[in-house]
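First comes the structure, then the notes that go with it.
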There are 2 protein chains.
Amino acid sequence: MPKALPVIDVSAPICCAPVSAGPMTDAAALEVALRLKALADPVRIKLMSILLTAADGAVCTCDLATGVDLAESTVSHHLGQLRKAGMVESERRGMNVHHRARVDALDALRLVLDPDCCR
Amino acid sequence: MPKALPVIDVSAPICCAPVSAGPMTDAAALEVALRLKALADPVRIKLMSILLTAADGAVCTCDLATGVDLAESTVSHHLGQLRKAGMVESERRGMNVHHRARVDALDALRLVLDPDCCR
DNA sequence: CCACCTTTTCGACATAAGTCAAGAAACTTG
DNA sequence: CAAGTTTCTTGACTTATGTCGAAAAGGTGG
């Protein structure tokens, strides 16, 4: 997998380089791929699902760990991936850290994947 | 990465299990993740981009290899991944094989990722 | 049937990625 | 400050993945 290193700030919402606006540059393709990779894991999809459907939209790490039935260190790792890709934001509340899904990032990603985006 | 094997027929368009329709089952999350994983690679994103913007919508393997500047065996591998995930369909035309993007699959995936899908 | 072209399959290799346990870090409360 | 709780980091391990070259498979035309 010898691939260019992810030196990109991928935590900001995707600017604009839809897959259907002409053949993509390598840089644009990498940017999109990095965000997709952050979501391309069953555990992380389930985490997003839990966050998106949570009552007040925010859930602490330990509850997420219970939700996906994995070690907390593993969940922390996955949350780090999602945060690095801008899909989740985290905020400390007392002893706990509450996480919430960034709907804007999800929307931006969906737009980039829209085949009709630029027609 | 000890994960359940992808024994799922992932080449059919996603049925319906949006991330925002309540906490996902493991099976649903896996199904979505497998399709995302197929797209979560810079080369494959660029291939999709080329296919989506091609004049008649279909491109042969060798032209795709030129487009991404990789060995044809590598491109064939990536196309296999995309095909297995239902993102591309391929058809033999004489000596060449022409590939085209499956817009329906892309649309289905975007719908599943829609936070407002079930509200 | 044979020479040639395109595509896929197969090995082999290097790198990336998911998982956990153990320990460090951040915070609260007595 | 000390004890307890939650979270993150680190290290180690196993498995998955992207890449290529070589060879096989599929198709065309003399």
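Following the order of the structure tokens, chains are lettered A, B, ..., residues in each are numbered from 1, and ligands are numbered from 1.
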Please provide chain A as a compact mmCIF listing (two decimals) with N, CA and C atoms, in the first residue's frame, once it has been superposed on chain B by least squares across all sequentially paired Cα atoms.
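Ended up saving to out-v4.txt:
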```
# COMPACT_ATOMS: atom_id res chain seq x y z
N MET A 1 -7.06 -7.01 12.37
CA MET A 1 -8.33 -6.72 11.73
C MET A 1 -9.22 -7.98 11.73
N PRO A 2 -9.27 -8.70 12.76
CA PRO A 2 -10.10 -9.91 12.84
C PRO A 2 -11.56 -9.54 12.75
N LYS A 3 -12.08 -9.66 11.57
CA LYS A 3 -13.43 -9.18 11.31
C LYS A 3 -14.21 -10.29 10.62
N ALA A 4 -15.52 -10.27 10.77
CA ALA A 4 -16.33 -11.30 10.10
C ALA A 4 -16.04 -11.30 8.60
N LEU A 5 -16.02 -12.47 8.03
CA LEU A 5 -15.70 -12.57 6.61
C LEU A 5 -16.82 -11.96 5.76
N PRO A 6 -16.47 -11.36 4.64
CA PRO A 6 -17.47 -10.73 3.76
C PRO A 6 -18.22 -11.77 2.94
N VAL A 7 -19.07 -12.52 3.57
CA VAL A 7 -19.84 -13.54 2.87
C VAL A 7 -21.14 -12.97 2.33
N ILE A 8 -21.20 -11.66 2.32
CA ILE A 8 -22.43 -10.98 1.94
C ILE A 8 -22.46 -10.70 0.45
N ASP A 9 -23.63 -10.80 -0.14
CA ASP A 9 -23.74 -10.38 -1.55
C ASP A 9 -23.83 -8.87 -1.59
N VAL A 10 -22.68 -8.28 -1.84
CA VAL A 10 -22.57 -6.85 -1.71
C VAL A 10 -22.65 -6.18 -3.08
N SER A 11 -22.92 -7.00 -4.09
CA SER A 11 -22.97 -6.45 -5.44
C SER A 11 -24.37 -5.94 -5.78
N ALA A 12 -25.35 -6.30 -4.97
CA ALA A 12 -26.69 -5.75 -5.17
C ALA A 12 -26.78 -4.41 -4.47
N PRO A 13 -27.61 -3.51 -5.01
CA PRO A 13 -27.77 -2.22 -4.37
C PRO A 13 -28.22 -2.40 -2.91
N ILE A 14 -27.75 -1.53 -2.06
CA ILE A 14 -28.10 -1.60 -0.65
C ILE A 14 -29.62 -1.56 -0.49
N CYS A 15 -30.14 -2.48 0.32
CA CYS A 15 -31.58 -2.54 0.51
C CYS A 15 -32.05 -1.31 1.29
N CYS A 16 -31.82 -1.29 2.58
CA CYS A 16 -32.17 -0.09 3.34
C CYS A 16 -31.83 -0.25 4.80
N ALA A 17 -30.83 0.44 5.26
CA ALA A 17 -30.48 0.44 6.67
C ALA A 17 -29.67 1.68 6.99
N PRO A 18 -30.32 2.84 6.84
CA PRO A 18 -29.61 4.12 6.95
C PRO A 18 -28.95 4.28 8.33
N VAL A 19 -27.85 4.98 8.35
CA VAL A 19 -27.12 5.20 9.60
C VAL A 19 -27.94 5.97 10.63
N SER A 20 -29.00 6.62 10.18
CA SER A 20 -29.75 7.46 11.11
C SER A 20 -31.10 6.87 11.49
N ALA A 21 -31.31 5.60 11.16
CA ALA A 21 -32.58 4.96 11.48
C ALA A 21 -32.48 4.14 12.75
N GLY A 22 -31.76 4.66 13.71
CA GLY A 22 -31.57 3.91 14.94
C GLY A 22 -30.25 3.18 14.88
N PRO A 23 -29.70 2.80 16.03
CA PRO A 23 -28.40 2.11 16.07
C PRO A 23 -28.44 0.91 15.14
N MET A 24 -27.43 0.80 14.30
CA MET A 24 -27.38 -0.26 13.29
C MET A 24 -27.04 -1.61 13.90
N THR A 25 -27.51 -2.65 13.27
CA THR A 25 -27.05 -3.99 13.63
C THR A 25 -25.64 -4.17 13.08
N ASP A 26 -24.95 -5.15 13.62
CA ASP A 26 -23.59 -5.42 13.14
C ASP A 26 -23.61 -5.78 11.66
N ALA A 27 -24.62 -6.55 11.26
CA ALA A 27 -24.69 -6.99 9.87
C ALA A 27 -24.87 -5.80 8.93
N ALA A 28 -25.77 -4.89 9.29
CA ALA A 28 -26.01 -3.72 8.45
C ALA A 28 -24.76 -2.86 8.37
N ALA A 29 -24.11 -2.67 9.50
CA ALA A 29 -22.89 -1.86 9.52
C ALA A 29 -21.83 -2.49 8.64
N LEU A 30 -21.73 -3.80 8.69
CA LEU A 30 -20.74 -4.48 7.86
C LEU A 30 -21.04 -4.31 6.38
N GLU A 31 -22.31 -4.41 6.05
CA GLU A 31 -22.69 -4.26 4.65
C GLU A 31 -22.32 -2.89 4.10
N VAL A 32 -22.61 -1.87 4.87
CA VAL A 32 -22.28 -0.51 4.44
C VAL A 32 -20.76 -0.33 4.40
N ALA A 33 -20.09 -0.85 5.42
CA ALA A 33 -18.64 -0.67 5.49
C ALA A 33 -17.94 -1.33 4.31
N LEU A 34 -18.44 -2.49 3.88
CA LEU A 34 -17.80 -3.19 2.76
C LEU A 34 -17.88 -2.37 1.48
N ARG A 35 -19.02 -1.72 1.29
CA ARG A 35 -19.15 -0.90 0.08
C ARG A 35 -18.28 0.34 0.18
N LEU A 36 -18.25 0.94 1.37
CA LEU A 36 -17.41 2.12 1.55
C LEU A 36 -15.95 1.74 1.33
N LYS A 37 -15.56 0.57 1.83
CA LYS A 37 -14.17 0.14 1.70
C LYS A 37 -13.79 0.02 0.23
N ALA A 38 -14.75 -0.39 -0.58
CA ALA A 38 -14.46 -0.52 -2.00
C ALA A 38 -14.12 0.83 -2.61
N LEU A 39 -14.70 1.89 -2.07
CA LEU A 39 -14.45 3.22 -2.61
C LEU A 39 -13.29 3.93 -1.89
N ALA A 40 -12.90 3.40 -0.74
CA ALA A 40 -11.97 4.13 0.11
C ALA A 40 -10.53 3.93 -0.31
N ASP A 41 -10.24 4.22 -1.52
CA ASP A 41 -8.88 4.13 -2.02
C ASP A 41 -8.72 5.17 -3.12
N PRO A 42 -7.63 5.92 -3.08
CA PRO A 42 -7.43 7.01 -4.03
C PRO A 42 -7.53 6.53 -5.48
N VAL A 43 -6.93 5.39 -5.75
CA VAL A 43 -6.96 4.89 -7.13
C VAL A 43 -8.39 4.58 -7.55
N ARG A 44 -9.13 3.95 -6.68
CA ARG A 44 -10.49 3.56 -7.05
C ARG A 44 -11.40 4.77 -7.18
N ILE A 45 -11.17 5.79 -6.35
CA ILE A 45 -11.95 7.01 -6.50
C ILE A 45 -11.65 7.65 -7.85
N LYS A 46 -10.39 7.65 -8.21
CA LYS A 46 -10.03 8.24 -9.49
C LYS A 46 -10.62 7.43 -10.64
N LEU A 47 -10.62 6.12 -10.51
CA LEU A 47 -11.23 5.28 -11.54
C LEU A 47 -12.72 5.61 -11.67
N MET A 48 -13.41 5.73 -10.56
CA MET A 48 -14.83 6.07 -10.60
C MET A 48 -15.02 7.42 -11.27
N SER A 49 -14.15 8.34 -10.93
CA SER A 49 -14.23 9.67 -11.51
C SER A 49 -14.06 9.63 -13.02
N ILE A 50 -13.11 8.83 -13.46
CA ILE A 50 -12.88 8.70 -14.90
C ILE A 50 -14.10 8.08 -15.58
N LEU A 51 -14.63 7.03 -14.96
CA LEU A 51 -15.78 6.34 -15.54
C LEU A 51 -17.00 7.26 -15.59
N LEU A 52 -17.20 8.02 -14.52
CA LEU A 52 -18.39 8.87 -14.44
C LEU A 52 -18.34 10.02 -15.44
N THR A 53 -17.16 10.39 -15.85
CA THR A 53 -17.05 11.55 -16.73
C THR A 53 -16.66 11.16 -18.16
N ALA A 54 -16.60 9.84 -18.39
CA ALA A 54 -16.24 9.40 -19.73
C ALA A 54 -17.35 9.75 -20.71
N ALA A 55 -16.94 9.99 -21.94
CA ALA A 55 -17.88 10.43 -22.97
C ALA A 55 -19.09 9.51 -23.06
N ASP A 56 -18.86 8.24 -23.38
CA ASP A 56 -19.99 7.33 -23.52
C ASP A 56 -20.21 6.51 -22.25
N GLY A 57 -19.53 6.88 -21.17
CA GLY A 57 -19.74 6.22 -19.89
C GLY A 57 -19.00 4.93 -19.69
N ALA A 58 -18.30 4.46 -20.71
CA ALA A 58 -17.58 3.20 -20.58
C ALA A 58 -16.14 3.36 -21.05
N VAL A 59 -15.22 2.73 -20.33
CA VAL A 59 -13.80 2.84 -20.63
C VAL A 59 -13.19 1.45 -20.50
N CYS A 60 -12.24 1.12 -21.35
CA CYS A 60 -11.60 -0.19 -21.27
C CYS A 60 -10.47 -0.16 -20.25
N THR A 61 -10.05 -1.36 -19.85
CA THR A 61 -9.06 -1.49 -18.79
C THR A 61 -7.77 -0.76 -19.12
N CYS A 62 -7.33 -0.90 -20.35
CA CYS A 62 -6.02 -0.32 -20.69
C CYS A 62 -6.05 1.21 -20.62
N ASP A 63 -7.18 1.79 -21.03
CA ASP A 63 -7.28 3.24 -20.94
C ASP A 63 -7.33 3.70 -19.49
N LEU A 64 -8.00 2.91 -18.65
CA LEU A 64 -8.03 3.24 -17.24
C LEU A 64 -6.63 3.16 -16.63
N ALA A 65 -5.88 2.14 -17.05
CA ALA A 65 -4.52 1.99 -16.54
C ALA A 65 -3.68 3.20 -16.90
N THR A 66 -3.86 3.67 -18.13
CA THR A 66 -3.16 4.89 -18.55
C THR A 66 -3.61 6.07 -17.69
N GLY A 67 -4.91 6.12 -17.44
CA GLY A 67 -5.47 7.25 -16.68
C GLY A 67 -4.92 7.35 -15.27
N VAL A 68 -4.70 6.23 -14.62
CA VAL A 68 -4.21 6.28 -13.24
C VAL A 68 -2.71 5.97 -13.15
N ASP A 69 -2.10 5.65 -14.31
CA ASP A 69 -0.66 5.43 -14.36
C ASP A 69 -0.21 4.31 -13.43
N LEU A 70 -0.87 3.16 -13.56
CA LEU A 70 -0.47 1.99 -12.78
C LEU A 70 -0.45 0.77 -13.70
N ALA A 71 0.16 -0.32 -13.24
CA ALA A 71 0.20 -1.55 -14.01
C ALA A 71 -1.23 -2.03 -14.26
N GLU A 72 -1.43 -2.68 -15.40
CA GLU A 72 -2.78 -3.13 -15.74
C GLU A 72 -3.28 -4.18 -14.77
N SER A 73 -2.36 -4.98 -14.24
CA SER A 73 -2.79 -5.99 -13.27
C SER A 73 -3.33 -5.31 -12.01
N THR A 74 -2.71 -4.23 -11.64
CA THR A 74 -3.17 -3.49 -10.47
C THR A 74 -4.54 -2.90 -10.72
N VAL A 75 -4.71 -2.31 -11.89
CA VAL A 75 -6.00 -1.72 -12.23
C VAL A 75 -7.08 -2.80 -12.28
N SER A 76 -6.71 -3.95 -12.83
CA SER A 76 -7.67 -5.05 -12.89
C SER A 76 -8.11 -5.45 -11.48
N HIS A 77 -7.15 -5.47 -10.58
CA HIS A 77 -7.47 -5.78 -9.19
C HIS A 77 -8.45 -4.77 -8.61
N HIS A 78 -8.20 -3.50 -8.84
CA HIS A 78 -9.09 -2.46 -8.30
C HIS A 78 -10.48 -2.55 -8.92
N LEU A 79 -10.51 -2.82 -10.22
CA LEU A 79 -11.82 -2.96 -10.87
C LEU A 79 -12.57 -4.15 -10.30
N GLY A 80 -11.84 -5.20 -9.96
CA GLY A 80 -12.48 -6.35 -9.34
C GLY A 80 -13.11 -5.98 -8.01
N GLN A 81 -12.41 -5.19 -7.23
CA GLN A 81 -12.95 -4.72 -5.95
C GLN A 81 -14.23 -3.93 -6.16
N LEU A 82 -14.16 -3.01 -7.10
CA LEU A 82 -15.33 -2.16 -7.37
C LEU A 82 -16.49 -2.99 -7.89
N ARG A 83 -16.19 -3.98 -8.72
CA ARG A 83 -17.25 -4.83 -9.27
C ARG A 83 -17.88 -5.66 -8.17
N LYS A 84 -17.03 -6.21 -7.29
CA LYS A 84 -17.53 -7.05 -6.20
C LYS A 84 -18.45 -6.23 -5.29
N ALA A 85 -18.20 -4.95 -5.21
CA ALA A 85 -19.03 -4.09 -4.35
C ALA A 85 -20.20 -3.51 -5.12
N GLY A 86 -20.33 -3.89 -6.38
CA GLY A 86 -21.47 -3.43 -7.16
C GLY A 86 -21.34 -2.01 -7.68
N MET A 87 -20.14 -1.45 -7.62
CA MET A 87 -19.95 -0.06 -8.02
C MET A 87 -19.64 0.08 -9.50
N VAL A 88 -19.29 -1.04 -10.14
CA VAL A 88 -18.89 -1.01 -11.54
C VAL A 88 -19.45 -2.26 -12.20
N GLU A 89 -19.81 -2.13 -13.46
CA GLU A 89 -20.15 -3.33 -14.22
C GLU A 89 -19.26 -3.38 -15.44
N SER A 90 -18.94 -4.60 -15.88
CA SER A 90 -17.97 -4.77 -16.94
C SER A 90 -18.55 -5.65 -18.03
N GLU A 91 -18.16 -5.32 -19.24
CA GLU A 91 -18.72 -6.03 -20.39
C GLU A 91 -17.64 -6.19 -21.45
N ARG A 92 -17.54 -7.39 -21.96
CA ARG A 92 -16.51 -7.65 -22.96
C ARG A 92 -16.97 -7.11 -24.31
N ARG A 93 -16.08 -6.39 -24.97
CA ARG A 93 -16.37 -5.91 -26.33
C ARG A 93 -15.15 -6.22 -27.17
N GLY A 94 -15.22 -7.34 -27.90
CA GLY A 94 -14.07 -7.76 -28.68
C GLY A 94 -12.91 -8.06 -27.76
N MET A 95 -11.77 -7.54 -28.08
CA MET A 95 -10.61 -7.83 -27.28
C MET A 95 -10.61 -7.09 -25.96
N ASN A 96 -11.35 -6.03 -25.90
CA ASN A 96 -11.33 -5.20 -24.70
C ASN A 96 -12.49 -5.50 -23.75
N VAL A 97 -12.33 -5.06 -22.52
CA VAL A 97 -13.42 -5.10 -21.56
C VAL A 97 -13.76 -3.66 -21.19
N HIS A 98 -15.01 -3.33 -21.38
CA HIS A 98 -15.42 -1.96 -21.06
C HIS A 98 -16.10 -1.93 -19.70
N HIS A 99 -15.75 -0.93 -18.93
CA HIS A 99 -16.28 -0.80 -17.58
C HIS A 99 -17.11 0.46 -17.48
N ARG A 100 -18.18 0.38 -16.68
CA ARG A 100 -18.96 1.60 -16.45
C ARG A 100 -19.41 1.66 -15.00
N ALA A 101 -19.50 2.89 -14.49
CA ALA A 101 -19.90 3.09 -13.09
C ALA A 101 -21.38 2.80 -12.92
N ARG A 102 -21.72 2.18 -11.80
CA ARG A 102 -23.13 1.93 -11.51
C ARG A 102 -23.65 3.05 -10.62
N VAL A 103 -24.30 3.98 -11.28
CA VAL A 103 -24.77 5.18 -10.58
C VAL A 103 -25.80 4.82 -9.51
N ASP A 104 -26.60 3.78 -9.79
CA ASP A 104 -27.61 3.39 -8.81
C ASP A 104 -26.98 2.98 -7.48
N ALA A 105 -25.84 2.24 -7.57
CA ALA A 105 -25.17 1.81 -6.35
C ALA A 105 -24.62 2.99 -5.56
N LEU A 106 -24.07 3.94 -6.32
CA LEU A 106 -23.54 5.15 -5.69
C LEU A 106 -24.67 5.91 -5.01
N ASP A 107 -25.79 6.01 -5.68
CA ASP A 107 -26.94 6.71 -5.10
C ASP A 107 -27.41 6.02 -3.83
N ALA A 108 -27.48 4.69 -3.88
CA ALA A 108 -27.95 3.95 -2.71
C ALA A 108 -27.03 4.18 -1.52
N LEU A 109 -25.74 4.17 -1.80
CA LEU A 109 -24.78 4.39 -0.72
C LEU A 109 -24.94 5.78 -0.12
N ARG A 110 -25.12 6.75 -0.99
CA ARG A 110 -25.28 8.12 -0.50
C ARG A 110 -26.54 8.24 0.35
N LEU A 111 -27.57 7.52 -0.04
CA LEU A 111 -28.82 7.57 0.73
C LEU A 111 -28.62 6.97 2.12
N VAL A 112 -27.92 5.87 2.18
CA VAL A 112 -27.69 5.23 3.49
C VAL A 112 -26.91 6.15 4.42
N LEU A 113 -26.06 6.99 3.84
CA LEU A 113 -25.25 7.89 4.66
C LEU A 113 -25.95 9.20 4.98
N ASP A 114 -27.19 9.32 4.52
CA ASP A 114 -27.91 10.58 4.73
C ASP A 114 -28.41 10.67 6.17
N PRO A 115 -27.91 11.65 6.92
CA PRO A 115 -28.33 11.79 8.32
C PRO A 115 -29.81 12.14 8.45
N ASP A 116 -30.38 12.71 7.41
CA ASP A 116 -31.77 13.12 7.46
C ASP A 116 -32.70 12.11 6.79
N CYS A 117 -32.11 10.98 6.41
CA CYS A 117 -32.86 10.01 5.63
C CYS A 117 -34.16 9.59 6.31
N CYS A 118 -34.10 9.37 7.61
CA CYS A 118 -35.27 8.82 8.31
C CYS A 118 -35.79 9.78 9.36
N ARG A 119 -36.00 11.02 8.98
CA ARG A 119 -36.50 12.00 9.97
C ARG A 119 -37.68 12.76 9.45
```
List the spatial neighbours of DA22 (chain C) as a list in words - criterion: any atom at most 12 Å away, only C-alpha atoms (C1' of nucleotides), same-chain residues fewer than 6 positions off excluded.
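Near neighbours after the sequence-gap exclusion: Ser73 of chain A; DT9, DT10, DG11 and DA12 of chain D.
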Save the residues we just selected, N, CA and C atoms (P, O5', C5', C4', C3', O3' and C1' of nucleotides), as a PDB file, in the first residue's frame?
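Result went into selection33.pdb, see below:
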```pdb
ATOM      1  N   SER A  73     -10.079   1.089  24.703  1.00  0.00           N
ATOM      2  CA  SER A  73      -8.921   1.590  23.958  1.00  0.00           C
ATOM      3  C   SER A  73      -9.171   1.466  22.455  1.00  0.00           C
TER       4      SER A  73
ATOM      5  P    DT D   9      -4.381  10.215  22.443  1.00  0.00           P
ATOM      6  O5'  DT D   9      -3.177   9.297  22.948  1.00  0.00           O
ATOM      7  C5'  DT D   9      -2.478   9.681  24.121  1.00  0.00           C
ATOM      8  C4'  DT D   9      -1.330   8.713  24.387  1.00  0.00           C
ATOM      9  C3'  DT D   9      -0.568   8.246  23.147  1.00  0.00           C
ATOM     10  O3'  DT D   9       0.809   8.277  23.463  1.00  0.00           O
ATOM     11  C1'  DT D   9      -1.385   6.367  24.325  1.00  0.00           C
ATOM     12  P    DT D  10       1.907   8.044  22.315  1.00  0.00           P
ATOM     13  O5'  DT D  10       2.478   6.600  22.661  1.00  0.00           O
ATOM     14  C5'  DT D  10       2.684   6.253  24.027  1.00  0.00           C
ATOM     15  C4'  DT D  10       3.000   4.771  24.136  1.00  0.00           C
ATOM     16  C3'  DT D  10       3.717   4.168  22.935  1.00  0.00           C
ATOM     17  O3'  DT D  10       4.900   3.528  23.378  1.00  0.00           O
ATOM     18  C1'  DT D  10       1.863   2.837  23.549  1.00  0.00           C
ATOM     19  P    DG D  11       6.005   2.984  22.364  1.00  0.00           P
ATOM     20  O5'  DG D  11       5.756   1.410  22.438  1.00  0.00           O
ATOM     21  C5'  DG D  11       5.626   0.787  23.706  1.00  0.00           C
ATOM     22  C4'  DG D  11       5.247  -0.670  23.538  1.00  0.00           C
ATOM     23  C3'  DG D  11       5.907  -1.374  22.354  1.00  0.00           C
ATOM     24  O3'  DG D  11       6.357  -2.658  22.790  1.00  0.00           O
ATOM     25  C1'  DG D  11       3.553  -1.573  22.187  1.00  0.00           C
ATOM     26  P    DA D  12       7.185  -3.603  21.796  1.00  0.00           P
ATOM     27  O5'  DA D  12       6.108  -4.741  21.477  1.00  0.00           O
ATOM     28  C5'  DA D  12       5.413  -5.364  22.557  1.00  0.00           C
ATOM     29  C4'  DA D  12       4.375  -6.320  22.001  1.00  0.00           C
ATOM     30  C3'  DA D  12       4.851  -7.130  20.786  1.00  0.00           C
ATOM     31  O3'  DA D  12       4.537  -8.498  20.982  1.00  0.00           O
ATOM     32  C1'  DA D  12       2.815  -6.025  20.296  1.00  0.00           C
TER      33       DA D  12
END
```
Please, what distance in Å, to one decimal, runs between C1' of DG26 (chain D) and C1' of DC4 (chain C)?
12.7 Å
Would you mind listing, as a PDB file with C-alpha atoms (C1' of nucleotides), in the first residue's frame, all residues of chain C that have at least one atom within 7 Å of chain A, where only C-alpha atoms (C1' of nucleotides) are what counts?
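That gives us selection_9.pdb:
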```pdb
ATOM      1  C1'  DT C  15       2.948  -1.417   4.346  1.00  0.00           C
ATOM      2  C1'  DA C  16      -1.356  -0.293   6.639  1.00  0.00           C
ATOM      3  C1'  DT C  19      -7.452  -5.432  18.388  1.00  0.00           C
ATOM      4  C1'  DC C  27     -10.500  14.948  35.983  1.00  0.00           C
ATOM      5  C1'  DT C  28     -13.557  14.588  40.261  1.00  0.00           C
TER       6       DT C  28
END
```
What are the closest atom pairs, with distances in Å to one decimal, for each residue of chain D lying within 10 Å of chain B, using only C-alpha atoms (C1' of nucleotides), rows by chain and rising residue number, as CSV?
```
residue,atom,partner,partner_atom,distance
D:DT14,C1',B:Met1,CA,7.5
D:DT15,C1',B:Met1,CA,5.5
D:DA16,C1',B:Met1,CA,7.0
D:DG18,C1',B:Thr74,CA,8.0
D:DT19,C1',B:Thr74,CA,6.7
D:DC20,C1',B:Ala71,CA,7.3
D:DG21,C1',B:Ser73,CA,9.4
D:DG26,C1',B:Met95,CA,8.1
D:DG27,C1',B:Met95,CA,5.3
D:DT28,C1',B:Met95,CA,7.1
```
Using the selection just defined, write its residues with C-alpha atoms (C1' of nucleotides) as a CSV table (one decimal), in the first residue's frame.
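The resulting file, part-v1.csv, is reproduced below:
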```csv
chain,number,residue,atom,x,y,z
D,14,DT,C1',-2.3,-10.7,13.5
D,15,DT,C1',-4.7,-9.9,9.4
D,16,DA,C1',-5.8,-7.1,5.4
D,18,DG,C1',-1.9,-2.3,-2.6
D,19,DT,C1',1.7,-3.1,-5.8
D,20,DC,C1',4.2,-5.4,-9.3
D,21,DG,C1',6.0,-9.1,-12.7
D,26,DG,C1',-9.8,-14.9,-23.4
D,27,DG,C1',-10.3,-13.1,-28.1
D,28,DT,C1',-8.8,-11.6,-33.0
```
DSSP-assigned helix (DSSP H, G or I) among chain A, expressed as a PyMOL selection string
chain A and resi 26-39+42-53+61-68+72-84+103-112
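The two atoms in question, C1' of DA26 (chain C) and C1' of DG4 (chain D), are spaced 12.8 Å apart.
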